[in-house]
file data34.pdb (PDB, C-alpha atoms)
ATOM      1  CA  ASP A1166       0.000   0.000   0.000
ATOM      2  CA  VAL A1167       2.935   2.328   0.674
ATOM      3  CA  ASP A1168       4.220   1.730  -2.850
ATOM      4  CA  ASP A1169       0.743   2.127  -4.374
ATOM      5  CA  GLY A1170       0.205   5.372  -2.463
ATOM      6  CA  LEU A1171       3.511   6.781  -3.679
ATOM      7  CA  ARG A1172       2.927   5.679  -7.284
ATOM      8  CA  SER A1173      -0.501   7.278  -7.304
ATOM      9  CA  GLY A1174       0.795  10.516  -5.821
ATOM     10  CA  LEU A1175      -1.720  10.333  -2.971
ATOM     11  CA  ILE A1176       1.107  10.201  -0.424
ATOM     12  CA  THR A1177       4.626  11.623  -0.637
ATOM     13  CA  LEU A1178       8.075  10.624   0.547
ATOM     14  CA  ALA A1179       8.070  13.676   2.800
ATOM     15  CA  GLN A1180       4.902  12.429   4.504
ATOM     16  CA  LEU A1181       6.319   8.910   4.850
ATOM     17  CA  ASP A1182       9.497  10.275   6.400
ATOM     18  CA  GLU A1183       7.305  11.144   9.397
ATOM     19  CA  VAL A1184       6.488   7.433   9.825
ATOM     20  CA  ALA A1185       9.194   5.730  11.893
ATOM     21  CA  LEU A1186       9.108   2.338  10.157
ATOM     22  CA  PHE A1187       9.545   3.879   6.704
ATOM     23  CA  ALA A1188      12.031   6.541   7.789
ATOM     24  CA  THR A1189      14.254   4.046   9.580
ATOM     25  CA  GLN A1190      14.374   1.650   6.645
ATOM     26  CA  ARG A1191      14.958   4.490   4.197
ATOM     27  CA  ARG A1192      17.971   5.654   6.239
ATOM     28  CA  VAL A1193      19.360   2.099   6.209
ATOM     29  CA  VAL A1194      18.968   1.929   2.424
ATOM     30  CA  GLU A1195      20.563   5.339   1.899
ATOM     31  CA  ALA A1196      23.501   4.397   4.140
ATOM     32  CA  ARG A1197      24.042   1.128   2.309
ATOM     33  CA  TRP A1198      23.598   2.560  -1.190
ATOM     34  CA  PRO A1199      24.457   6.281  -1.171
ATOM     35  CA  GLY A1200      22.999   8.100  -4.128
ATOM     36  CA  LEU A1201      20.138   5.657  -4.660
ATOM     37  CA  THR A1202      17.034   7.650  -5.621
ATOM     38  CA  GLY A1203      13.615   7.415  -7.201
ATOM     39  CA  ARG A1204      11.863   4.095  -7.704
ATOM     40  CA  ARG A1205      14.918   2.073  -6.697
ATOM     41  CA  LEU A1206      15.091   3.828  -3.320
ATOM     42  CA  ILE A1207      11.375   3.348  -2.747
ATOM     43  CA  ASN A1208      11.418  -0.294  -3.856
ATOM     44  CA  GLU A1209      14.367  -1.154  -1.626
ATOM     45  CA  THR A1210      12.866   0.682   1.350
ATOM     46  CA  VAL A1211       9.513  -1.091   0.966
ATOM     47  CA  ARG A1212      11.301  -4.428   0.464
ATOM     48  CA  ARG A1213      13.221  -3.901   3.706
ATOM     49  CA  MET A1214      10.031  -2.963   5.562
ATOM     50  CA  ILE A1215       8.351  -6.170   4.413
ATOM     51  CA  HIS A1216      11.450  -8.218   5.271
ATOM     52  CA  LEU A1217      11.580  -6.717   8.767
ATOM     53  CA  MET A1218       7.878  -7.421   9.337
ATOM     54  CA  VAL A1219       8.138 -11.039   8.142
ATOM     55  CA  ILE A1220      11.242 -11.788  10.214
ATOM     56  CA  ASP A1221       9.749 -10.128  13.304
ATOM     57  CA  LEU A1222       6.493 -12.070  12.918
ATOM     58  CA  LEU A1223       8.324 -15.386  12.522
ATOM     59  CA  GLU A1224      10.681 -14.806  15.440
ATOM     60  CA  GLN A1225       7.954 -13.590  17.792
ATOM     61  CA  THR A1226       5.712 -16.482  16.804
ATOM     62  CA  ARG A1227       8.527 -18.963  17.530
ATOM     63  CA  THR A1228       9.041 -17.294  20.917
ATOM     64  CA  ASN A1229       5.310 -17.432  21.679
ATOM     65  CA  ILE A1230       5.084 -21.108  20.711
ATOM     66  CA  ALA A1231       8.048 -21.968  22.918
ATOM     67  CA  ALA A1232       6.674 -19.950  25.842
ATOM     68  CA  ALA A1233       3.309 -21.689  25.543
ATOM     69  CA  ALA A1234       5.053 -25.089  25.406
ATOM     70  CA  VAL A1235       2.929 -26.087  22.451
ATOM     71  CA  ALA A1236       3.154 -29.810  21.770
ATOM     72  CA  SER A1237      -0.259 -30.604  20.312
ATOM     73  CA  LEU A1238      -3.204 -29.138  18.478
ATOM     74  CA  ALA A1239      -5.038 -28.933  21.804
ATOM     75  CA  ASP A1240      -2.159 -26.812  23.146
ATOM     76  CA  VAL A1241      -2.498 -24.468  20.170
ATOM     77  CA  ARG A1242      -6.224 -24.098  20.776
ATOM     78  CA  ALA A1243      -5.723 -23.443  24.477
ATOM     79  CA  ALA A1244      -2.840 -20.986  24.032
ATOM     80  CA  PRO A1245      -3.185 -17.216  23.856
ATOM     81  CA  ARG A1246      -2.485 -15.646  20.455
ATOM     82  CA  LEU A1247       0.631 -17.346  19.134
ATOM     83  CA  VAL A1248       1.133 -15.585  15.821
ATOM     84  CA  ALA A1249       2.038 -11.985  16.586
ATOM     85  CA  TYR A1250       4.508  -9.198  16.055
ATOM     86  CA  SER A1251       6.921  -8.268  18.815
ATOM     87  CA  ASP A1252       6.135  -5.542  21.324
ATOM     88  CA  GLY A1253       9.057  -3.609  19.827
ATOM     89  CA  LEU A1254       7.584  -3.509  16.312
ATOM     90  CA  LEU A1255       3.883  -3.154  17.159
ATOM     91  CA  PRO A1256       3.953   0.626  17.845
ATOM     92  CA  GLN A1257       5.646   1.251  14.481
ATOM     93  CA  LEU A1258       3.096  -0.928  12.688
ATOM     94  CA  ARG A1259       0.236   0.889  14.416
ATOM     95  CA  GLU A1260       1.731   4.236  13.386
ATOM     96  CA  LEU A1261       1.995   3.041   9.759
ATOM     97  CA  LYS A1262      -1.558   1.692   9.869
ATOM     98  CA  VAL A1263      -2.943   4.992  11.181
ATOM     99  CA  PHE A1264      -0.940   6.929   8.587
ATOM    100  CA  LEU A1265      -2.222   4.767   5.719
ATOM    101  CA  ARG A1266      -5.786   4.977   6.994
ATOM    102  CA  ASP A1267      -5.709   8.747   7.317
ATOM    103  CA  GLN A1268      -3.606   9.640   4.290
ATOM    104  CA  LEU A1269      -4.441   6.896   1.786
ATOM    105  CA  TYR A1270      -7.494   4.753   2.551
ATOM    106  CA  HIS A1271      -9.618   7.761   3.537
ATOM    107  CA  HIS A1272      -8.241  10.038   0.811
ATOM    108  CA  TYR A1273     -11.161  11.560  -1.050
ATOM    109  CA  GLN A1274      -9.936  10.220  -4.411
ATOM    110  CA  VAL A1275      -9.707   6.670  -3.028
ATOM    111  CA  LEU A1276     -13.166   7.001  -1.470
ATOM    112  CA  ARG A1277     -14.568   8.206  -4.805
ATOM    113  CA  MET A1278     -13.060   5.222  -6.621
ATOM    114  CA  THR A1279     -14.329   2.836  -3.939
ATOM    115  CA  ASN A1280     -17.812   4.289  -4.266
ATOM    116  CA  LYS A1281     -17.654   4.015  -8.055
ATOM    117  CA  ALA A1282     -16.426   0.394  -7.858
ATOM    118  CA  ARG A1283     -19.181  -0.523  -5.396
ATOM    119  CA  ARG A1284     -21.770   0.975  -7.753
ATOM    120  CA  ILE A1285     -20.349  -0.815 -10.804
ATOM    121  CA  VAL A1286     -20.245  -4.200  -9.053
ATOM    122  CA  GLY A1287     -23.749  -3.693  -7.653
ATOM    123  CA  ASP A1288     -25.133  -2.676 -11.044
ATOM    124  CA  LEU A1289     -23.512  -5.653 -12.760
ATOM    125  CA  PHE A1290     -24.788  -8.080 -10.130
ATOM    126  CA  ALA A1291     -28.322  -6.688 -10.358
ATOM    127  CA  ALA A1292     -28.323  -6.782 -14.174
ATOM    128  CA  PHE A1293     -27.130 -10.393 -14.272
ATOM    129  CA  MET A1294     -29.586 -11.439 -11.553
ATOM    130  CA  ASP A1295     -32.383  -9.791 -13.528
ATOM    131  CA  ASP A1296     -31.363 -11.495 -16.780
ATOM    132  CA  PRO A1297     -28.810 -14.315 -16.499
ATOM    133  CA  HIS A1298     -29.044 -14.811 -20.271
ATOM    134  CA  ILE A1299     -26.651 -11.862 -20.684
ATOM    135  CA  LEU A1300     -23.929 -13.825 -18.888
ATOM    136  CA  PRO A1301     -21.328 -15.691 -20.949
ATOM    137  CA  PRO A1302     -22.539 -19.242 -21.788
ATOM    138  CA  GLN A1303     -20.442 -21.108 -19.186
ATOM    139  CA  TYR A1304     -21.802 -18.836 -16.430
ATOM    140  CA  GLN A1305     -25.366 -19.214 -17.714
ATOM    141  CA  ALA A1306     -24.990 -22.966 -17.196
ATOM    142  CA  MET A1307     -23.635 -22.404 -13.672
ATOM    143  CA  ALA A1308     -26.451 -19.940 -12.970
ATOM    144  CA  ARG A1309     -29.052 -22.662 -13.539
ATOM    145  CA  GLU A1310     -27.620 -24.380 -10.433
ATOM    146  CA  ASP A1311     -26.852 -21.353  -8.236
ATOM    147  CA  LYS A1312     -27.497 -17.998  -9.871
ATOM    148  CA  PRO A1313     -26.038 -15.680  -7.173
ATOM    149  CA  ARG A1314     -22.861 -17.795  -6.857
ATOM    150  CA  ALA A1315     -22.352 -17.973 -10.639
ATOM    151  CA  ILE A1316     -22.772 -14.212 -10.977
ATOM    152  CA  ALA A1317     -20.474 -13.515  -8.028
ATOM    153  CA  ASP A1318     -17.824 -15.827  -9.533
ATOM    154  CA  TYR A1319     -18.103 -14.112 -12.918
ATOM    155  CA  ILE A1320     -17.753 -10.635 -11.439
ATOM    156  CA  ALA A1321     -14.945 -11.712  -9.080
ATOM    157  CA  GLY A1322     -12.947 -12.923 -12.093
ATOM    158  CA  MET A1323     -13.119  -9.517 -13.793
ATOM    159  CA  THR A1324     -10.270  -7.046 -13.799
ATOM    160  CA  ASP A1325     -11.205  -3.499 -12.845
ATOM    161  CA  ARG A1326     -10.845  -2.407 -16.464
ATOM    162  CA  TYR A1327     -13.025  -5.253 -17.749
ATOM    163  CA  ALA A1328     -15.722  -4.582 -15.129
ATOM    164  CA  MET A1329     -15.881  -0.931 -16.195
ATOM    165  CA  LYS A1330     -16.042  -1.953 -19.874
ATOM    166  CA  GLU A1331     -18.800  -4.492 -19.129
ATOM    167  CA  HIS A1332     -20.704  -1.838 -17.164
ATOM    168  CA  ARG A1333     -20.464   0.566 -20.113
ATOM    169  CA  ARG A1334     -21.704  -2.172 -22.469
ATOM    170  CA  LEU A1335     -24.736  -2.817 -20.314
ATOM    171  CA  PHE A1336     -25.600   0.689 -19.127
ATOM    172  CA  ALA A1337     -24.219   3.306 -21.529
ATOM    173  CA  VAL A1338     -27.115   5.198 -23.021
ATOM    174  CA  GLY A1339     -27.123   5.389 -26.806
ATOM    175  CA  GLU A1340     -24.366   2.810 -27.293
ATOM    176  CA  ILE A1341     -24.976  -0.624 -28.684
ATOM    177  CA  HIS A1342     -22.266  -3.250 -28.244
TER     178      HIS A1342
END
call {"tool": "encode", "arguments": {"input": "data34.pdb", "output": "structure tokens"}}
result
Amino acid sequence: DVDDGLRSGLITLAQLDEVALFATQRRVVEARWPGLTGRRLINETVRRMIHLMVIDLLEQTRTNIAAAAVASLADVRAAPRLVAYSDGLLPQLRELKVFLRDQLYHHYQVLRMTNKARRIVGDLFAAFMDDPHILPPQYQAMAREDKPRAIADYIAGMTDRYAMKEHRRLFAVGEIH
């Protein structure tokens, strides 16, 4: 999401430099490869963030399993949460999560696109439910068994671009496709 936010221009490097997890990893990258800039700097910083998170999760989970003396499935079920990040990384992850929520997920342009996508998917679902004969033949056959599931599977297999094109085909006024 960090990379997507930067690529889209909805968040900036300057904003991310205020987030400890990103800033720390960026400094490590810059120290290791002086002069690295642009996409390569971003890619390496994000890669290091992911690496740190994966390693921390694995190590903390191993520690939690050992502390709980897990020897059986019953032990796993009885244990407190075993898979977790360390107490040292959790505050940084929370900070990143809050940053992404406030600066990216709740950005007005993202909310507009989410609203548009919800409308497109809803319109497509309703149109196919109303007339399953406009589905491709293999989905028409599936729809005879379980219409909502067949339609959901068809829509779920669409790319964003294809869903928008399909929506235009079905709902554009004055166009015949």
call {"tool": "resolve_selection", "arguments": {"input": "data34.pdb", "expression": "the PyMOL selection byres ((chain A and resi 1282-1286) around 10)", "output": "list in words"}}
result
Leu1276, Arg1277, Met1278, Thr1279, Asn1280, Lys1281, Gly1287, Asp1288, Leu1289, Phe1290, Ala1291, Ala1292, Ala1317, Ile1320, Ala1321, Asp1325, Ala1328, Met1329, Glu1331, His1332, Arg1333 and Phe1336 of chain A
call {"tool": "residues_around", "arguments": {"input": "data34.pdb", "residues": "range 1262-1275 of chain A", "least_positions_apart": "5", "cutoff": "8 Å", "atoms": "all atoms listed in the file", "output": "PDB file with C-alpha atoms, keeping the file's coordinate frame"}}
result
ATOM      1  CA  ASP A1166       0.000   0.000   0.000  1.00  0.00           C
ATOM      2  CA  VAL A1167       2.935   2.328   0.674  1.00  0.00           C
ATOM      3  CA  GLY A1170       0.205   5.372  -2.463  1.00  0.00           C
ATOM      4  CA  LEU A1175      -1.720  10.333  -2.971  1.00  0.00           C
ATOM      5  CA  ILE A1176       1.107  10.201  -0.424  1.00  0.00           C
ATOM      6  CA  VAL A1184       6.488   7.433   9.825  1.00  0.00           C
TER       7      VAL A1184
END
call {"tool": "closest_residue", "arguments": {"input": "data34.pdb", "among": "A:Gln1305, A:Gln1190, A:Gln1257, A:Thr1324", "to": "Asn1208 in chain A", "atoms": "only C-alpha atoms"}}
result
A:Gln1190
call {"tool": "resolve_selection", "arguments": {"input": "data34.pdb", "expression": "the PyMOL selection byres ((chain A and resi 1316) around 12)", "output": "ChimeraX atom specification"}}
result
/A:1286-1315,1317-1323
call {"tool": "resolve_selection", "arguments": {"input": "data34.pdb", "expression": "the PyMOL selection byres ((chain A and resi 1185) around 12)", "output": "compact mmCIF listing (two decimals) with C-alpha atoms, in the coordinates of the input"}}
result
# COMPACT_ATOMS: atom_id res chain seq x y z
CA GLN A 1180 4.90 12.43 4.50
CA LEU A 1181 6.32 8.91 4.85
CA ASP A 1182 9.50 10.28 6.40
CA GLU A 1183 7.30 11.14 9.40
CA VAL A 1184 6.49 7.43 9.82
CA LEU A 1186 9.11 2.34 10.16
CA PHE A 1187 9.54 3.88 6.70
CA ALA A 1188 12.03 6.54 7.79
CA THR A 1189 14.25 4.05 9.58
CA GLN A 1190 14.37 1.65 6.64
CA ARG A 1191 14.96 4.49 4.20
CA ARG A 1192 17.97 5.65 6.24
CA MET A 1214 10.03 -2.96 5.56
CA LEU A 1254 7.58 -3.51 16.31
CA LEU A 1255 3.88 -3.15 17.16
CA PRO A 1256 3.95 0.63 17.84
CA GLN A 1257 5.65 1.25 14.48
CA LEU A 1258 3.10 -0.93 12.69
CA ARG A 1259 0.24 0.89 14.42
CA GLU A 1260 1.73 4.24 13.39
CA LEU A 1261 2.00 3.04 9.76
CA LYS A 1262 -1.56 1.69 9.87
CA PHE A 1264 -0.94 6.93 8.59
call {"tool": "atom_distance", "arguments": {"input": "data34.pdb", "atom1": "CA of Asp1169 in chain A", "atom2": "CA of Arg1197 in chain A"}}
result
24.3 Å
call {"tool": "build_atoms", "arguments": {"input": "data34.pdb", "residues": "range 1218-1240 of chain A", "atoms": "N, CA, C and O atoms", "output": "compact mmCIF listing (two decimals), in the coordinates of the input"}}
result
# COMPACT_ATOMS: atom_id res chain seq x y z
N MET A 1218 9.16 -6.97 8.80
CA MET A 1218 7.88 -7.42 9.34
C MET A 1218 7.77 -8.95 9.32
O MET A 1218 7.32 -9.55 10.31
N VAL A 1219 8.21 -9.57 8.25
CA VAL A 1219 8.14 -11.04 8.14
C VAL A 1219 9.05 -11.69 9.17
O VAL A 1219 8.63 -12.60 9.90
N ILE A 1220 10.29 -11.21 9.26
CA ILE A 1220 11.24 -11.79 10.21
C ILE A 1220 10.75 -11.59 11.65
O ILE A 1220 10.79 -12.52 12.47
N ASP A 1221 10.26 -10.40 11.96
CA ASP A 1221 9.75 -10.13 13.30
C ASP A 1221 8.57 -11.05 13.63
O ASP A 1221 8.51 -11.62 14.73
N LEU A 1222 7.65 -11.21 12.70
CA LEU A 1222 6.49 -12.07 12.92
C LEU A 1222 6.93 -13.52 13.16
O LEU A 1222 6.44 -14.18 14.08
N LEU A 1223 7.85 -14.01 12.35
CA LEU A 1223 8.32 -15.39 12.52
C LEU A 1223 9.03 -15.58 13.86
O LEU A 1223 8.77 -16.56 14.58
N GLU A 1224 9.93 -14.67 14.19
CA GLU A 1224 10.68 -14.81 15.44
C GLU A 1224 9.77 -14.70 16.66
O GLU A 1224 9.89 -15.49 17.61
N GLN A 1225 8.86 -13.74 16.65
CA GLN A 1225 7.95 -13.59 17.79
C GLN A 1225 7.02 -14.79 17.91
O GLN A 1225 6.72 -15.25 19.01
N THR A 1226 6.58 -15.30 16.79
CA THR A 1226 5.71 -16.48 16.80
C THR A 1226 6.45 -17.69 17.37
O THR A 1226 5.90 -18.43 18.20
N ARG A 1227 7.71 -17.88 16.96
CA ARG A 1227 8.53 -18.96 17.53
C ARG A 1227 8.66 -18.80 19.05
O ARG A 1227 8.52 -19.77 19.80
N THR A 1228 8.92 -17.58 19.48
CA THR A 1228 9.04 -17.29 20.92
C THR A 1228 7.74 -17.61 21.64
O THR A 1228 7.74 -18.22 22.71
N ASN A 1229 6.62 -17.19 21.06
CA ASN A 1229 5.31 -17.43 21.68
C ASN A 1229 4.99 -18.92 21.76
O ASN A 1229 4.45 -19.39 22.77
N ILE A 1230 5.33 -19.66 20.72
CA ILE A 1230 5.08 -21.11 20.71
C ILE A 1230 5.92 -21.79 21.80
O ILE A 1230 5.42 -22.63 22.54
N ALA A 1231 7.17 -21.39 21.89
CA ALA A 1231 8.05 -21.97 22.92
C ALA A 1231 7.54 -21.63 24.32
O ALA A 1231 7.50 -22.49 25.20
N ALA A 1232 7.15 -20.38 24.52
CA ALA A 1232 6.67 -19.95 25.84
C ALA A 1232 5.39 -20.67 26.24
O ALA A 1232 5.17 -20.94 27.42
N ALA A 1233 4.56 -21.00 25.25
CA ALA A 1233 3.31 -21.69 25.54
C ALA A 1233 3.50 -23.20 25.63
O ALA A 1233 2.55 -23.92 25.93
N ALA A 1234 4.73 -23.65 25.37
CA ALA A 1234 5.05 -25.09 25.41
C ALA A 1234 4.07 -25.90 24.56
O ALA A 1234 3.53 -26.92 25.00
N VAL A 1235 3.87 -25.43 23.36
CA VAL A 1235 2.93 -26.09 22.45
C VAL A 1235 3.51 -27.42 21.98
O VAL A 1235 4.60 -27.47 21.44
N ALA A 1236 2.74 -28.48 22.21
CA ALA A 1236 3.15 -29.81 21.77
C ALA A 1236 2.06 -30.53 21.00
O ALA A 1236 2.30 -31.59 20.43
N SER A 1237 0.86 -29.94 20.99
CA SER A 1237 -0.26 -30.60 20.31
C SER A 1237 -1.23 -29.56 19.79
O SER A 1237 -1.15 -28.37 20.14
N LEU A 1238 -2.16 -30.02 18.98
CA LEU A 1238 -3.20 -29.14 18.48
C LEU A 1238 -4.04 -28.58 19.63
O LEU A 1238 -4.42 -27.41 19.61
N ALA A 1239 -4.28 -29.40 20.63
CA ALA A 1239 -5.04 -28.93 21.80
C ALA A 1239 -4.29 -27.80 22.51
O ALA A 1239 -4.92 -26.84 22.97
N ASP A 1240 -2.97 -27.89 22.55
CA ASP A 1240 -2.16 -26.81 23.15
C ASP A 1240 -2.31 -25.52 22.35
O ASP A 1240 -2.39 -24.43 22.92
